[in-house]
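Listing of coords_25.txt; format and content: compact mmCIF, C-alpha atoms.
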# COMPACT_ATOMS: atom_id res chain seq x y z
CA MET A 7 -47.65 32.97 59.07
CA ASP A 8 -47.73 32.78 62.88
CA GLU A 9 -50.16 35.66 63.30
CA TRP A 10 -52.56 34.10 60.82
CA ILE A 11 -52.29 30.76 62.63
CA ASP A 12 -53.18 32.50 65.89
CA TYR A 13 -56.14 34.17 64.19
CA TYR A 14 -57.58 30.93 62.83
CA ASP A 15 -56.98 29.28 66.20
CA SER A 16 -59.12 31.95 67.86
CA THR A 17 -62.89 32.41 67.93
CA HIS A 18 -62.94 34.25 64.61
CA THR A 19 -65.79 35.48 62.43
CA ILE A 20 -64.46 34.56 59.01
CA TYR A 21 -67.69 32.69 58.19
CA ALA A 22 -70.94 34.63 58.01
CA SER A 23 -72.96 31.75 59.46
CA ARG A 24 -72.87 28.04 60.20
CA LEU A 25 -74.41 27.41 56.77
CA HIS A 26 -71.62 29.44 55.12
CA ARG A 27 -69.00 27.43 56.97
CA ASP A 28 -70.61 24.10 56.11
CA VAL A 29 -71.12 24.71 52.39
CA HIS A 30 -67.57 26.12 52.18
CA PHE A 31 -66.05 22.91 53.54
CA GLN A 32 -68.43 20.74 51.50
CA LEU A 33 -67.24 22.44 48.32
CA ILE A 34 -63.57 22.11 49.24
CA ALA A 35 -64.04 18.40 50.01
CA ARG A 36 -65.81 17.87 46.68
CA ASP A 37 -63.04 19.61 44.76
CA ILE A 38 -60.28 17.68 46.53
CA ILE A 39 -62.07 14.41 45.75
CA GLY A 40 -62.02 15.43 42.09
CA TYR A 41 -58.21 15.25 42.16
CA ILE A 42 -58.04 11.78 43.74
CA SER A 43 -57.17 9.39 40.94
CA SER A 44 -57.49 6.08 42.79
CA PRO A 45 -59.24 4.63 45.87
CA ASP A 46 -55.77 3.38 46.88
CA ALA A 47 -54.33 6.90 47.01
CA VAL A 48 -52.70 8.41 50.08
CA VAL A 49 -53.72 12.07 50.35
CA LEU A 50 -52.25 14.97 52.31
CA ASP A 51 -54.28 18.10 53.08
CA TYR A 52 -51.63 20.68 54.02
CA ALA A 53 -52.91 23.26 56.54
CA SER A 54 -56.34 21.72 56.33
CA GLY A 55 -58.24 23.98 58.70
CA GLU A 56 -61.36 22.51 60.26
CA ALA A 57 -61.87 20.14 57.30
CA LEU A 58 -65.42 19.42 58.42
CA PHE A 59 -66.12 17.02 55.56
CA ALA A 60 -62.78 15.23 55.54
CA ALA A 61 -64.61 11.94 56.06
CA ARG A 62 -65.99 12.26 52.53
CA VAL A 63 -62.47 12.75 51.20
CA ALA A 64 -61.28 9.75 53.22
CA ASP A 65 -64.06 7.64 51.67
CA ALA A 66 -62.52 8.34 48.25
CA CYS A 67 -58.95 7.31 49.14
CA ALA A 68 -56.99 4.80 51.21
CA LYS A 69 -55.62 7.24 53.80
CA LEU A 70 -55.96 10.95 54.46
CA PHE A 71 -53.45 13.02 56.42
CA LEU A 72 -54.74 16.33 57.79
CA ALA A 73 -51.73 18.51 58.58
CA GLU A 74 -52.74 21.55 60.61
CA PRO A 75 -50.49 24.17 62.25
CA ALA A 76 -53.01 25.67 64.71
CA PRO A 77 -52.98 23.59 67.92
CA GLY A 78 -56.59 24.29 68.85
CA VAL A 79 -57.87 23.38 65.40
CA ARG A 80 -55.62 20.31 65.40
CA GLY A 81 -57.10 19.17 68.70
CA ARG A 82 -60.62 19.46 67.30
CA LEU A 83 -59.60 17.48 64.22
CA ILE A 84 -58.20 14.70 66.40
CA ALA A 85 -61.38 14.56 68.46
CA ARG A 86 -63.71 14.76 65.46
CA PHE A 87 -62.04 12.08 63.38
CA ALA A 88 -60.70 9.75 66.08
CA PRO A 89 -63.18 6.99 65.10
CA ASN A 90 -62.14 7.14 61.43
CA THR A 91 -59.19 4.81 60.90
CA LYS A 92 -58.48 6.29 57.46
CA ILE A 93 -57.77 9.79 58.80
CA ARG A 94 -54.59 10.82 60.59
CA VAL A 95 -53.97 14.29 62.01
CA ARG A 96 -50.47 15.75 62.03
CA SER A 97 -48.72 19.03 62.76
CA LEU A 98 -46.70 20.65 59.99
CA ASP A 99 -43.52 19.74 61.89
CA ASP A 100 -44.59 16.08 61.82
CA LEU A 101 -44.43 16.12 58.03
CA ARG A 102 -40.66 16.52 58.14
CA THR A 103 -40.30 13.05 59.65
CA MET A 104 -42.96 11.25 57.61
CA GLU A 105 -41.87 8.55 55.19
CA GLU A 106 -40.35 9.85 51.99
CA ARG A 107 -42.30 9.26 48.78
CA SER A 108 -45.41 8.11 50.63
CA ILE A 109 -48.05 10.56 49.31
CA ASP A 110 -49.97 10.31 46.03
CA LEU A 111 -51.76 13.66 46.24
CA ALA A 112 -50.96 16.73 48.31
CA VAL A 113 -53.40 19.64 48.43
CA MET A 114 -52.51 23.10 49.71
CA ASN A 115 -55.67 25.14 49.39
CA SER A 116 -56.09 28.77 50.47
CA VAL A 117 -52.78 28.67 52.33
CA ALA A 118 -50.14 30.36 50.15
CA GLN A 119 -51.58 33.84 50.71
CA TYR A 120 -50.82 33.62 54.44
CA MET A 121 -47.20 32.52 54.00
CA THR A 122 -44.12 34.53 53.20
CA PRO A 123 -42.45 33.51 49.92
CA GLU A 124 -39.72 31.81 51.96
CA GLU A 125 -42.24 29.87 54.04
CA LEU A 126 -43.96 28.72 50.88
CA ASP A 127 -40.64 27.55 49.40
CA SER A 128 -40.00 25.51 52.56
CA ALA A 129 -43.47 23.98 52.39
CA PHE A 130 -42.97 23.01 48.75
CA ALA A 131 -39.66 21.33 49.67
CA VAL A 132 -41.33 19.29 52.42
CA ILE A 133 -44.16 18.25 50.13
CA ARG A 134 -41.83 17.34 47.28
CA ARG A 135 -39.95 14.98 49.60
CA LEU A 136 -43.21 13.31 50.58
CA LEU A 137 -44.67 12.93 47.11
CA LYS A 138 -44.24 9.72 45.18
CA PRO A 139 -42.50 10.18 41.81
CA THR A 140 -45.92 9.99 40.15
CA GLY A 141 -47.65 12.09 42.81
CA ARG A 142 -49.28 15.46 42.32
CA LEU A 143 -49.38 18.70 44.29
CA VAL A 144 -52.46 20.89 43.94
CA VAL A 145 -52.05 24.49 45.09
CA GLY A 146 -55.41 26.22 45.22
CA ASP A 147 -57.00 29.61 45.81
CA ILE A 148 -53.98 31.69 44.76
CA LEU A 149 -54.66 35.42 44.86
CA ARG A 150 -53.72 37.43 41.77
CA PRO A 151 -52.07 40.89 42.05
CA GLU A 152 -54.50 42.52 39.64
CA VAL A 153 -57.62 41.27 41.45
CA GLY A 154 -58.64 43.29 44.48
CA MET A 155 -60.88 42.74 47.48
CA GLY A 156 -63.93 43.80 45.49
CA LYS A 157 -63.83 40.55 43.51
CA ASP A 158 -63.58 38.56 46.77
CA VAL A 159 -66.72 40.33 48.01
CA LEU A 160 -68.55 39.68 44.74
CA ALA A 161 -67.54 36.00 44.77
CA LEU A 162 -68.78 35.64 48.35
CA LEU A 163 -72.12 37.30 47.57
CA GLN A 164 -72.66 35.08 44.53
CA PHE A 165 -71.77 32.03 46.60
CA ALA A 166 -74.13 33.19 49.38
CA ARG A 167 -77.00 33.80 46.97
CA ASN A 168 -76.58 30.36 45.42
CA HIS A 169 -76.57 28.62 48.82
CA GLY A 170 -79.13 30.63 50.74
CA PHE A 171 -77.13 32.75 53.17
CA LEU A 172 -77.08 36.10 51.36
CA LYS A 173 -78.51 38.06 54.30
CA ASP A 174 -75.94 36.54 56.66
CA ALA A 175 -73.18 37.31 54.17
CA LEU A 176 -74.14 40.97 54.04
CA TYR A 177 -74.10 41.20 57.83
CA GLY A 178 -70.84 39.25 57.87
CA LEU A 179 -69.16 41.66 55.46
CA ALA A 180 -70.09 44.56 57.72
CA SER A 181 -68.67 42.75 60.73
CA THR A 182 -65.50 41.77 58.88
CA ALA A 183 -64.81 45.42 58.05
CA LEU A 184 -64.30 46.00 61.78
CA SER A 185 -62.77 42.63 62.62
CA ASP A 186 -59.30 41.39 63.50
CA TYR A 187 -59.20 39.73 60.07
CA ARG A 188 -59.50 43.06 58.27
CA GLN A 189 -56.88 44.58 60.58
CA LEU A 190 -54.48 41.70 59.95
CA ARG A 191 -55.10 41.79 56.22
CA THR A 192 -54.38 45.53 56.20
CA ARG A 193 -51.33 45.35 58.43
CA ILE A 194 -49.65 42.15 57.20
CA GLY A 195 -51.21 41.80 53.79
CA LEU A 196 -51.78 38.69 51.73
CA GLN A 197 -49.30 37.24 49.26
CA ARG A 198 -50.36 37.44 45.62
CA TYR A 199 -48.82 35.77 42.59
CA ARG A 200 -49.21 36.09 38.86
CA GLU A 201 -49.71 32.84 36.97
CA ASP A 202 -46.14 32.86 35.65
CA GLU A 203 -44.76 33.69 39.11
CA MET A 204 -46.41 30.69 40.74
CA ILE A 205 -45.37 28.36 37.92
CA GLY A 206 -41.81 29.70 38.28
CA LYS A 207 -41.89 29.27 42.04
CA LEU A 208 -43.02 25.67 41.69
CA ALA A 209 -40.34 25.08 39.03
CA ALA A 210 -37.67 26.36 41.43
CA ALA A 211 -38.95 23.80 43.95
CA GLY A 212 -38.53 20.97 41.43
CA PHE A 213 -42.06 20.80 40.02
CA SER A 214 -43.53 21.09 36.57
CA ALA A 215 -46.83 22.94 36.95
CA SER A 216 -49.74 24.31 34.99
CA ARG A 217 -52.81 26.29 35.91
CA ALA A 218 -56.01 24.31 36.33
CA PRO A 219 -59.03 25.50 34.36
CA VAL A 220 -61.12 25.92 37.53
CA ASN A 221 -60.11 27.13 40.99
CA ILE A 222 -60.77 25.05 44.09
CA GLY A 223 -63.60 26.58 46.09
CA HIS A 224 -66.09 29.31 45.25
CA ASN A 225 -63.88 32.17 44.00
CA PRO A 226 -63.44 32.07 40.21
CA TRP A 227 -60.98 35.00 40.23
CA ARG A 228 -58.36 33.01 42.14
CA MET A 229 -56.13 30.30 40.65
CA THR A 230 -55.32 26.64 41.20
CA PHE A 231 -52.14 24.94 39.97
CA VAL A 232 -51.39 21.26 39.47
CA ALA A 233 -47.75 20.27 39.85
CA ARG A 234 -45.72 17.10 39.45
CA HIS A 235 -42.09 16.15 39.92
CA VAL A 236 -40.09 17.44 36.97
CA LEU A 237 -38.58 14.00 36.43
CA ALA A 238 -42.01 12.37 36.40
CA ARG A 239 -43.31 14.83 33.83
CA SER A 240 -40.19 14.34 31.67
CA ALA A 241 -40.55 10.55 31.80
CA GLU A 242 -44.23 10.83 30.88
CA SER A 243 -43.32 13.00 27.89
CA GLU A 244 -40.79 10.43 26.70
CA VAL A 245 -43.36 7.62 26.92
CA HIS A 246 -45.89 9.56 24.86
CA GLY A 247 -43.34 11.24 22.61

Please render this file's structure as structure tokens.
Amino acid sequence: MDEWIDYYDSTHTIYASRLHRDVHFQLIARDIIGYISSPDAVVLDYASGEALFAARVADACAKLFLAEPAPGVRGRLIARFAPNTKIRVRSLDDLRTMEERSIDLAVMNSVAQYMTPEELDSAFAVIRRLLKPTGRLVVGDILRPEVGMGKDVLALLQFARNHGFLKDALYGLASTALSDYRQLRTRIGLQRYREDEMIGKLAAAGFSASRAPVNIGHNPWRMTFVARHVLARSAESEVHG
């Protein structure tokens, strides 16, 4: 994951334009808010990235932790949200010392593809320790083995057309073909999981999970999973059984 962290901490060209970047983060914020069940909830955004609209998420909950591994991005988050008393910025290492069972909702969106399977297992273990017994983990934007880059391009173009940056997206795709991102993606690759593989991986980490009907973000060919502590799901089944 280190090389991807360095990439996202650099002056990259992953977004075709400022409008692309803004509507991307607006959509992610909206989808995260949809998973917040109470204004009293404590929410963790794991590897949050720039999280430009995190203030909207914070408005929907009691406290929002933005955990970000890239030091440059983390510094910008601290500066951007310093006036907001509901937002706290942390490194991923900081999560290991946070209070156990203190989080109601953890979101890991568009992160798993950049991690080795072992790194993802470690992240799940950290999050499971932090989640309250009734808490939920949402793992979004999971790439599927049978879906290639062509679908990613199509999803981006549809998103761009709907939000008014189609011309920029076309230029951006041409630039990306020659960019460090394409080179990294070719050399390192991105992790992909079948639906049953991700459910099994979450089960091995102590979660009971199911696929959500709609993915977080703009790409309908990727998957989102909602997971809960196995014990919590078992207790819920007994109550309703």

Give me, please, the distance in Å between atom CA of A:Pro219 and atom CA of A:Gly146, quoted to one decimal.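 Taking atom CA of A:Pro219 as the start and atom CA of A:Gly146 as the end point, the length is 11.5 Å.
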
Restricting the calculation to only C-alpha atoms: of A:Arg62, A:Arg36, A:Lys207, A:Arg27, which residue gets closest to A:Leu126?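 That would be A:Lys207, the residue with the smallest distance to A:Leu126.
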
Please report the interatomic distance between atom CA of A:Ile42 and atom CA of A:Tyr120 in Å with one decimal.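 Between atom CA of A:Ile42 and atom CA of A:Tyr120 the gap works out to 25.4 Å.
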
Excluding A:Ala57 and its own-chain neighbours fewer than 5 positions away, which residues fall within 9 Å of it when counting only C-alpha atoms? Please give them as a short mmCIF file (atom, residue, chain, number, x, y, z; two decimals) with C-alpha atoms, in the frame of the given file.
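Written out: selection12.cif:
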data_model
loop_
_atom_site.label_atom_id
_atom_site.label_comp_id
_atom_site.auth_asym_id
_atom_site.auth_seq_id
_atom_site.Cartn_x
_atom_site.Cartn_y
_atom_site.Cartn_z
CA PHE A 31 -66.05 22.91 53.54
CA GLN A 32 -68.43 20.74 51.50
CA ILE A 34 -63.57 22.11 49.24
CA ALA A 35 -64.04 18.40 50.01
CA ASP A 51 -54.28 18.10 53.08
CA LEU A 72 -54.74 16.33 57.79
CA LEU A 83 -59.60 17.48 64.22
#

Put the listed atoms of stretch 54-58 of chain A in a box along x, y and z with 3 Å added on every side and give me the centre and edge lengths in Å to one decimal, as JSON.
{"center_x": -60.9, "center_y": 21.7, "center_z": 58.3, "size_x": 15.1, "size_y": 10.6, "size_z": 9.9}

Closest pair table for stretch 81-114 of chain A residues within 12 Å of stretch 38-41 of chain A, all atoms listed in the file, as JSON lines:
{"residue": "A:Asp110", "atom": "CA", "partner": "A:Tyr41", "partner_atom": "CA", "distance": 10.4}
{"residue": "A:Leu111", "atom": "CA", "partner": "A:Tyr41", "partner_atom": "CA", "distance": 7.8}
{"residue": "A:Ala112", "atom": "CA", "partner": "A:Ile38", "partner_atom": "CA", "distance": 9.5}
{"residue": "A:Val113", "atom": "CA", "partner": "A:Ile38", "partner_atom": "CA", "distance": 7.4}
{"residue": "A:Met114", "atom": "CA", "partner": "A:Ile38", "partner_atom": "CA", "distance": 10.0}

Take the point (-54.1, 13.0, 49.1) in the file's coordinates, draw a sphere of radius 12 Å around it, and report as a PyMOL selection string every protein, DNA or RNA residue with an atom inside or on it, counting all atoms listed in the file. chain A and resi 35+37-52+54+60+63-73+92-94+108-114+133+136-138+141-144

Around the point (-51.6, 37.2, 42.6), in the coordinates given by the file, pick out the residues reaching within 8 Å, counting all atoms listed in the file, and return them as number ranges by chain. A: 148-153, 197-201, 228

I'd like the contact shell of stretch 155-160 of chain A - 10 Å cut-off, only C-alpha atoms, skipping same-chain residues fewer than 2 positions apart - returned as a PyMOL selection string. chain A and resi 149+153+162-166+175-176+179+224-228
